[in-house]
>>> print(open('query.txt').read())   # compact mmCIF, C-alpha atoms and all ligand atoms
# COMPACT_ATOMS: atom_id res chain seq x y z
CA MET A 1 74.06 -107.81 97.66
CA ALA A 2 77.57 -107.37 98.93
CA GLY A 3 79.54 -106.35 95.85
CA PHE A 4 77.66 -108.43 93.30
CA GLN A 5 77.06 -106.00 90.42
CA VAL A 6 74.26 -106.01 87.85
CA GLU A 7 75.35 -104.97 84.39
CA GLN A 8 73.95 -104.98 80.89
CA SER A 9 75.57 -107.40 78.43
CA VAL A 10 74.94 -108.58 74.87
CA ILE A 11 72.89 -111.45 76.33
CA GLY A 12 70.83 -109.32 78.69
CA ARG A 13 71.55 -108.43 82.29
CA ILE A 14 74.26 -110.36 84.10
CA VAL A 15 75.40 -110.21 87.72
CA VAL A 16 79.18 -110.20 88.21
CA ALA A 17 80.73 -111.58 91.41
CA PRO A 18 83.19 -109.48 93.47
CA SER A 19 86.87 -110.14 94.30
CA VAL A 20 87.39 -112.64 91.47
CA PRO A 21 91.14 -113.21 90.85
CA ARG A 22 92.77 -112.02 87.67
CA ARG A 23 92.14 -114.25 84.65
CA TYR A 24 89.03 -115.76 86.25
CA ALA A 25 85.38 -114.83 85.80
CA VAL A 26 82.36 -115.62 87.97
CA PHE A 27 78.95 -114.35 86.85
CA TYR A 28 75.26 -115.19 86.58
CA THR A 29 72.96 -114.69 83.58
CA THR A 30 69.30 -113.67 83.73
CA ILE A 31 68.06 -114.72 80.29
CA ASP A 32 66.23 -118.04 80.03
CA PHE A 33 68.31 -121.12 79.23
CA THR A 34 65.60 -123.75 79.60
CA GLY A 35 66.31 -126.86 77.56
CA ARG A 36 69.51 -127.72 75.79
CA ILE A 37 72.03 -125.07 74.89
CA THR A 38 72.31 -124.69 71.13
CA ASP A 39 75.54 -123.96 69.23
CA GLU A 40 74.28 -120.39 68.67
CA VAL A 41 73.76 -119.87 72.38
CA ALA A 42 77.16 -121.41 73.19
CA GLN A 43 78.72 -119.05 70.62
CA ALA A 44 77.06 -116.02 72.24
CA LEU A 45 78.21 -117.11 75.72
CA THR A 46 81.81 -117.76 74.73
CA ALA A 47 81.86 -114.40 72.89
CA LEU A 48 80.61 -112.67 76.07
CA ILE A 49 83.27 -114.41 78.19
CA ARG A 50 85.96 -113.36 75.71
CA ASP A 51 84.79 -109.75 75.18
CA ARG A 52 83.76 -108.89 78.74
CA PHE A 53 86.28 -110.90 80.77
CA GLY A 54 89.15 -111.44 78.31
CA ILE A 55 88.98 -115.23 78.65
CA GLU A 56 89.06 -117.48 75.62
CA ALA A 57 87.20 -120.62 76.72
CA SER A 58 85.19 -123.58 75.56
CA LEU A 59 81.99 -124.21 77.46
CA THR A 60 81.12 -127.26 79.58
CA THR A 61 77.70 -127.77 81.13
CA CYS A 62 76.05 -130.73 82.95
CA TYR A 63 72.94 -132.70 82.33
CA GLN A 64 71.87 -132.07 85.92
CA VAL A 65 70.08 -134.71 87.95
CA HIS A 66 70.22 -133.47 91.60
CA SER A 67 73.00 -135.96 92.34
CA ALA A 68 76.34 -135.76 94.16
CA THR A 69 78.22 -136.72 91.00
CA VAL A 70 81.26 -134.61 90.20
CA GLN A 71 83.00 -134.55 86.82
CA ARG A 72 86.25 -133.08 85.62
CA ALA A 73 86.04 -130.78 82.60
CA GLN A 74 88.70 -130.16 80.00
CA PRO A 75 88.98 -127.64 77.20
CA GLY A 76 87.62 -128.86 73.89
CA LYS A 77 85.33 -127.85 71.13
CA LEU A 78 82.96 -124.89 71.47
CA TRP A 79 80.59 -126.65 73.82
CA ARG A 80 79.87 -129.99 75.49
CA GLU A 81 77.41 -131.25 78.07
CA CYS A 82 78.54 -133.90 80.60
CA ASP A 83 76.15 -136.75 81.36
CA ALA A 84 74.24 -136.88 84.63
CA CYS A 85 76.30 -134.83 87.05
CA ASP A 86 75.86 -131.73 89.22
CA ALA A 87 79.35 -130.37 89.73
CA LEU A 88 82.21 -129.61 87.36
CA TRP A 89 85.82 -128.83 88.15
CA THR A 90 88.96 -128.24 86.15
CA THR A 91 92.65 -127.43 86.40
CA ASP A 92 92.86 -126.29 82.79
CA ASP A 93 92.90 -122.85 81.26
CA HIS A 94 90.35 -121.95 78.58
CA VAL A 95 87.43 -123.64 80.31
CA ALA A 96 84.04 -122.16 81.24
CA LEU A 97 81.86 -124.21 83.61
CA GLY A 98 78.13 -123.49 83.28
CA ILE A 99 75.58 -124.60 85.88
CA LYS A 100 71.82 -124.20 85.32
CA VAL A 101 69.84 -122.93 88.29
CA ALA A 102 66.35 -121.61 88.95
CA ASP A 103 66.17 -121.74 92.76
CA CYS A 104 69.03 -124.13 93.51
CA LEU A 105 72.24 -122.66 94.91
CA PRO A 106 75.23 -122.25 92.57
CA VAL A 107 78.53 -122.56 94.46
CA THR A 108 81.84 -121.61 92.83
CA MET A 109 85.23 -122.43 94.39
CA VAL A 110 88.60 -121.22 93.08
CA ASP A 111 92.17 -121.84 94.24
CA PRO A 112 94.17 -119.48 92.01
CA ALA A 113 97.55 -120.67 93.39
CA ASN A 114 96.91 -124.23 92.22
CA SER A 115 94.83 -123.12 89.23
CA VAL A 116 91.77 -125.19 90.20
CA MET A 117 88.11 -124.19 90.07
CA ALA A 118 84.71 -125.82 90.47
CA ASN A 119 81.13 -124.85 89.80
CA VAL A 120 78.42 -126.71 91.70
CA HIS A 121 74.63 -127.13 91.46
CA SER A 122 73.44 -127.42 95.05
CA GLY A 123 69.67 -127.69 95.31
CA TRP A 124 68.23 -129.13 98.49
CA ARG A 125 68.72 -132.70 97.25
CA GLY A 126 72.33 -132.03 96.26
CA THR A 127 72.94 -130.21 99.56
CA VAL A 128 71.67 -133.22 101.53
CA GLN A 129 74.07 -135.38 99.47
CA ARG A 130 76.93 -132.93 100.20
CA ILE A 131 77.64 -132.10 96.57
CA THR A 132 79.80 -129.04 97.37
CA ALA A 133 81.97 -131.03 99.80
CA GLU A 134 82.22 -133.83 97.21
CA ALA A 135 83.49 -131.37 94.60
CA LEU A 136 86.01 -130.01 97.10
CA ASP A 137 87.12 -133.57 97.97
CA ALA A 138 87.69 -134.32 94.27
CA MET A 139 89.78 -131.17 93.82
CA GLN A 140 91.82 -131.77 96.97
CA ARG A 141 92.47 -135.40 96.01
CA SER A 142 93.47 -134.77 92.42
CA ALA A 143 94.69 -131.20 92.22
CA GLY A 144 95.80 -130.09 95.69
CA PHE A 145 93.04 -127.52 96.11
CA ASP A 146 93.95 -125.49 99.20
CA PRO A 147 90.91 -123.89 100.89
CA ALA A 148 93.20 -121.58 102.89
CA ALA A 149 94.22 -120.03 99.57
CA GLY A 150 90.75 -120.44 98.10
CA LEU A 151 87.76 -118.23 97.40
CA ALA A 152 84.10 -119.20 97.17
CA TRP A 153 80.96 -117.49 95.85
CA LEU A 154 77.31 -118.29 96.52
CA GLY A 155 75.12 -117.10 93.67
CA PRO A 156 71.43 -116.24 93.44
CA SER A 157 69.13 -118.96 94.82
CA ILE A 158 65.94 -119.33 96.82
CA ARG A 159 66.79 -118.09 100.30
CA ALA A 160 65.42 -118.82 103.74
CA CYS A 161 62.87 -115.98 103.30
CA CYS A 162 61.08 -117.99 100.59
CA PHE A 163 62.24 -121.59 100.96
CA GLU A 164 59.28 -123.08 102.78
CA VAL A 165 59.46 -126.88 102.90
CA GLY A 166 57.51 -129.85 104.22
CA GLU A 167 58.58 -131.98 107.17
CA GLU A 168 59.75 -134.71 104.75
CA VAL A 169 62.45 -132.33 103.49
CA VAL A 170 63.35 -131.32 107.05
CA ASP A 171 63.71 -135.07 107.86
CA GLN A 172 66.27 -135.51 105.08
CA PHE A 173 68.32 -132.57 106.39
CA SER A 174 68.10 -133.92 109.94
CA GLN A 175 69.33 -137.33 108.78
CA ALA A 176 72.21 -135.79 106.82
CA PHE A 177 73.34 -133.12 109.31
CA ALA A 178 73.48 -133.51 113.08
CA ASP A 179 73.08 -129.72 113.47
CA ALA A 180 70.35 -129.34 110.81
CA GLU A 181 68.01 -127.51 113.20
CA ARG A 182 70.42 -124.55 113.21
CA TYR A 183 69.45 -123.91 109.59
CA ILE A 184 65.70 -124.39 109.95
CA ASP A 185 63.51 -121.42 110.81
CA ARG A 186 60.09 -122.33 112.21
CA SER A 187 59.06 -118.81 113.16
CA HIS A 188 56.74 -118.44 110.12
CA GLY A 189 54.70 -121.60 110.70
CA LYS A 190 55.99 -123.98 108.07
CA PRO A 191 59.75 -124.64 108.21
CA HIS A 192 62.11 -122.56 106.07
CA ILE A 193 65.61 -123.91 105.34
CA ASP A 194 68.72 -121.75 104.98
CA ILE A 195 70.89 -123.69 102.51
CA ALA A 196 73.23 -120.73 101.99
CA ALA A 197 74.07 -120.50 105.71
CA LEU A 198 74.64 -124.25 105.89
CA THR A 199 76.96 -124.04 102.86
CA VAL A 200 78.91 -121.05 104.23
CA ASP A 201 79.47 -122.90 107.54
CA MET A 202 80.66 -126.01 105.69
CA LEU A 203 83.11 -123.92 103.63
CA ARG A 204 84.47 -122.30 106.82
CA GLN A 205 84.87 -125.70 108.46
CA ARG A 206 86.78 -126.92 105.41
CA GLY A 207 89.22 -124.04 105.77
CA PHE A 208 88.06 -121.20 103.52
CA PRO A 209 88.97 -117.92 105.24
CA GLU A 210 86.02 -115.91 106.53
CA GLY A 211 86.61 -112.93 104.24
CA ARG A 212 86.96 -115.05 101.13
CA ILE A 213 83.47 -116.53 101.07
CA PHE A 214 81.22 -114.17 99.08
CA ASP A 215 77.48 -114.70 99.43
CA SER A 216 75.32 -112.80 96.92
CA GLN A 217 72.39 -113.01 99.38
CA ILE A 218 70.16 -112.75 96.31
CA CYS A 219 66.82 -114.56 96.56
CA THR A 220 65.55 -115.75 93.17
CA ARG A 221 62.01 -116.21 94.52
CA CYS A 222 61.46 -112.79 96.15
CA GLU A 223 59.25 -110.30 94.29
CA GLY A 224 61.34 -108.01 92.10
CA SER A 225 64.07 -110.61 91.49
CA ILE A 226 65.65 -110.30 88.03
CA PHE A 227 66.38 -114.04 88.08
CA HIS A 228 64.19 -116.96 87.06
CA SER A 229 62.64 -118.89 89.90
CA HIS A 230 61.15 -122.36 89.77
CA ARG A 231 58.77 -121.51 92.59
CA ARG A 232 57.75 -118.04 91.39
CA GLY A 233 56.95 -119.45 87.93
CA PRO A 234 55.03 -119.19 85.67
CA LYS A 235 55.20 -122.85 84.64
CA GLY A 236 58.39 -123.54 86.54
CA GLY A 237 60.05 -120.34 85.27
CA GLY A 238 63.21 -120.32 83.19
CA ARG A 239 66.79 -121.24 83.98
CA ASN A 240 69.64 -118.93 84.98
CA LEU A 241 73.22 -119.93 84.25
CA ALA A 242 76.04 -119.60 86.77
CA PHE A 243 79.46 -119.35 85.15
CA ALA A 244 83.01 -119.86 86.32
CA ALA A 245 85.65 -119.35 83.65
CA HIS A 246 89.43 -119.37 83.57
ZN ZN A 301 62.98 -114.60 99.12
>>> encode(input="query.txt", output="structure tokens", more="lines below")
Ligand SMILES: [Zn+2]
Amino acid sequence: MAGFQVEQSVIGRIVVAPSVPRRYAVFYTTIDFTGRITDEVAQALTALIRDRFGIEASLTTCYQVHSATVQRAQPGKLWRECDACDALWTTDDHVALGIKVADCLPVTMVDPANSVMANVHSGWRGTVQRITAEALDAMQRSAGFDPAAGLAWLGPSIRACCFEVGEEVVDQFSQAFADAERYIDRSHGKPHIDIAALTVDMLRQRGFPEGRIFDSQICTRCEGSIFHSHRRGPKGGGRNLAFAAH
């Protein structure tokens, strides 16, 4: 998985992203975070971010609704959850952005020169609504995010191997993207969509350098995955958290 490292932490196994700039952290948890985060959980997460990554941060999460709504986060008390949004960005220090995922793709973008970062929840609905591009637009508009100086990470998500969809989902991709067929594999019967490949191509088109887009290539749904998967279950499975902290 291309430099993404599994390690044991005080909150169970985590996967740490490669090539993260100094004073930033990008990682993915494997314990179940279904439901609202409690103060105890927020305490454990901020302690992990401090002890493992040396970053003192308050935690912001989203009440996620598969939208293209982007919100700006600021440091504050221990923990807060933003209303109805699916992407968070910040220019501030001492902020950890947490995104809940089970099969949806977590996308993190950082421009260390301008001190801007975003963490995005890109399921198929959010992808069709261009949530990652929306987050990038917001950062470019308000904080001068420069993709040429930027880095991006694609965390664990359901990958083309397992993401079988109906024609109604294919239709939505075809309506949203003129080149949608490039990302649809019909060689297994039912169509499989490659959201990661589509996202990597979008990031390249927006100016992220080739060698600075890091794809975990981890499929949450495949047998043997250490991550929760909505499709693998049971009962919808649990929730992983994707973190970006600075
Ligand atoms: Zn798979």
>>> closest_atom_pairs(input="query.txt", of="chain A", to="ligand ZN 301 (chain A)", cutoff="9 Å", atoms="only C-alpha atoms and all ligand atoms", output="Markdown table")
| residue | atom | partner | partner_atom | distance |
| --- | --- | --- | --- | --- |
| A:Ser157 | CA | A:ZN301 | ZN | 8.7 |
| A:Ile158 | CA | A:ZN301 | ZN | 6.0 |
| A:Arg159 | CA | A:ZN301 | ZN | 5.3 |
| A:Ala160 | CA | A:ZN301 | ZN | 6.7 |
| A:Cys161 | CA | A:ZN301 | ZN | 4.4 |
| A:Cys162 | CA | A:ZN301 | ZN | 4.2 |
| A:Phe163 | CA | A:ZN301 | ZN | 7.3 |
| A:Ile218 | CA | A:ZN301 | ZN | 7.9 |
| A:Cys219 | CA | A:ZN301 | ZN | 4.6 |
| A:Thr220 | CA | A:ZN301 | ZN | 6.6 |
| A:Arg221 | CA | A:ZN301 | ZN | 5.0 |
| A:Cys222 | CA | A:ZN301 | ZN | 3.8 |
| A:Glu223 | CA | A:ZN301 | ZN | 7.5 |
| A:Ser225 | CA | A:ZN301 | ZN | 8.7 |
>>> closest_atom_pairs(input="query.txt", of="range 54-120 of chain A", to="range 32-41 of chain A", cutoff="9 Å", atoms="all atoms listed in the file", output="Markdown table")
| residue | atom | partner | partner_atom | distance |
| --- | --- | --- | --- | --- |
| A:Thr61 | CA | A:Ile37 | CA | 8.9 |
| A:Tyr63 | CA | A:Arg36 | CA | 8.9 |
| A:Leu78 | CA | A:Asp39 | CA | 7.8 |
| A:Trp79 | CA | A:Asp39 | CA | 7.3 |
| A:Glu81 | CA | A:Ile37 | CA | 8.8 |
| A:Lys100 | CA | A:Phe33 | CA | 7.7 |
>>> atom_distance(input="query.txt", atom1="CA of Gln140 in chain A", atom2="CA of Val26 in chain A")
20.8 Å
>>> atom_distance(input="query.txt", atom1="CA of Val95 in chain A", atom2="CA of Arg23 in chain A")
11.4 Å
>>> residues_near_point(input="query.txt", point="(80.7, -136.9, 78.4)", cutoff="12 Å", atoms="all atoms listed in the file", output="list of chain:residue names")
A:Thr60, A:Thr61, A:Cys62, A:Tyr63, A:Gln71, A:Arg72, A:Ala73, A:Gln74, A:Gly76, A:Trp79, A:Arg80, A:Glu81, A:Cys82, A:Asp83, A:Ala84, A:Cys85, A:Leu88
>>> atom_distance(input="query.txt", atom1="CA of Thr29 in chain A", atom2="CA of Leu241 in chain A")
5.3 Å
>>> closest_residue(input="query.txt", among="A:Arg125, A:His66, A:Arg231, A:Arg239", to="Asp171 in chain A", atoms="only C-alpha atoms")
A:Arg125
>>> closest_residue(input="query.txt", among="A:Pro18, A:Pro112, A:Pro191, A:Pro75", to="Leu97 in chain A", atoms="all atoms listed in the file")
A:Pro75
>>> residues_around(input="query.txt", residues="Tyr183 in chain A", least_positions_apart="3", cutoff="9 Å", atoms="all atoms listed in the file", output="ChimeraX atom specification")
/A:160,179-180,192-195,197-198
>>> residues_around(input="query.txt", residues="Glu56 in chain A", least_positions_apart="5", cutoff="12 Å", atoms="all atoms listed in the file", output="MDAnalysis selection string")
chainID A and resid 23:25 43 45:51 75:78 92:96 245:246
>>> write_last_selection(input="query.txt", atoms="C-alpha atoms", output="mmCIF file, keeping the file's coordinate frame")
data_model
loop_
_atom_site.group_PDB
_atom_site.id
_atom_site.type_symbol
_atom_site.label_atom_id
_atom_site.label_comp_id
_atom_site.auth_asym_id
_atom_site.auth_seq_id
_atom_site.Cartn_x
_atom_site.Cartn_y
_atom_site.Cartn_z
ATOM 1 C CA ARG A 23 92.140 -114.250 84.650
ATOM 2 C CA TYR A 24 89.030 -115.760 86.250
ATOM 3 C CA ALA A 25 85.380 -114.830 85.800
ATOM 4 C CA GLN A 43 78.720 -119.050 70.620
ATOM 5 C CA LEU A 45 78.210 -117.110 75.720
ATOM 6 C CA THR A 46 81.810 -117.760 74.730
ATOM 7 C CA ALA A 47 81.860 -114.400 72.890
ATOM 8 C CA LEU A 48 80.610 -112.670 76.070
ATOM 9 C CA ILE A 49 83.270 -114.410 78.190
ATOM 10 C CA ARG A 50 85.960 -113.360 75.710
ATOM 11 C CA ASP A 51 84.790 -109.750 75.180
ATOM 12 C CA PRO A 75 88.980 -127.640 77.200
ATOM 13 C CA GLY A 76 87.620 -128.860 73.890
ATOM 14 C CA LYS A 77 85.330 -127.850 71.130
ATOM 15 C CA LEU A 78 82.960 -124.890 71.470
ATOM 16 C CA ASP A 92 92.860 -126.290 82.790
ATOM 17 C CA ASP A 93 92.900 -122.850 81.260
ATOM 18 C CA HIS A 94 90.350 -121.950 78.580
ATOM 19 C CA VAL A 95 87.430 -123.640 80.310
ATOM 20 C CA ALA A 96 84.040 -122.160 81.240
ATOM 21 C CA ALA A 245 85.650 -119.350 83.650
ATOM 22 C CA HIS A 246 89.430 -119.370 83.570
#
>>> closest_residue(input="query.txt", among="A:Ser216, A:Gly166, A:Gly54, A:Ser229", to="Val15 in chain A", atoms="only C-alpha atoms")
A:Ser216
>>> closest_residue(input="query.txt", among="A:Arg206, A:His121, A:Arg22, A:Arg130", to="Asp146 in chain A", atoms="all atoms listed in the file")
A:Arg206
>>> decode(input="query.txt", residues="range 132-150 of chain A", atoms="C-alpha atoms", output="short mmCIF file (atom, residue, chain, number, x, y, z; two decimals), in the first residue's frame")
data_model
loop_
_atom_site.label_atom_id
_atom_site.label_comp_id
_atom_site.auth_asym_id
_atom_site.auth_seq_id
_atom_site.Cartn_x
_atom_site.Cartn_y
_atom_site.Cartn_z
CA THR A 132 -13.05 17.37 -3.44
CA ALA A 133 -12.91 20.04 -6.17
CA GLU A 134 -15.32 22.19 -4.12
CA ALA A 135 -13.01 21.97 -1.10
CA LEU A 136 -10.05 22.89 -3.29
CA ASP A 137 -12.01 25.84 -4.76
CA ALA A 138 -12.79 27.11 -1.25
CA MET A 139 -9.12 26.91 -0.23
CA GLN A 140 -7.89 28.57 -3.41
CA ARG A 141 -10.45 31.37 -3.11
CA SER A 142 -9.88 32.14 0.55
CA ALA A 143 -6.39 30.98 1.40
CA GLY A 144 -4.33 30.84 -1.81
CA PHE A 145 -3.96 27.06 -1.79
CA ASP A 146 -1.37 26.24 -4.46
CA PRO A 147 -1.74 22.70 -5.86
CA ALA A 148 1.76 22.92 -7.40
CA ALA A 149 3.10 23.13 -3.84
CA GLY A 150 0.44 20.78 -2.51
#
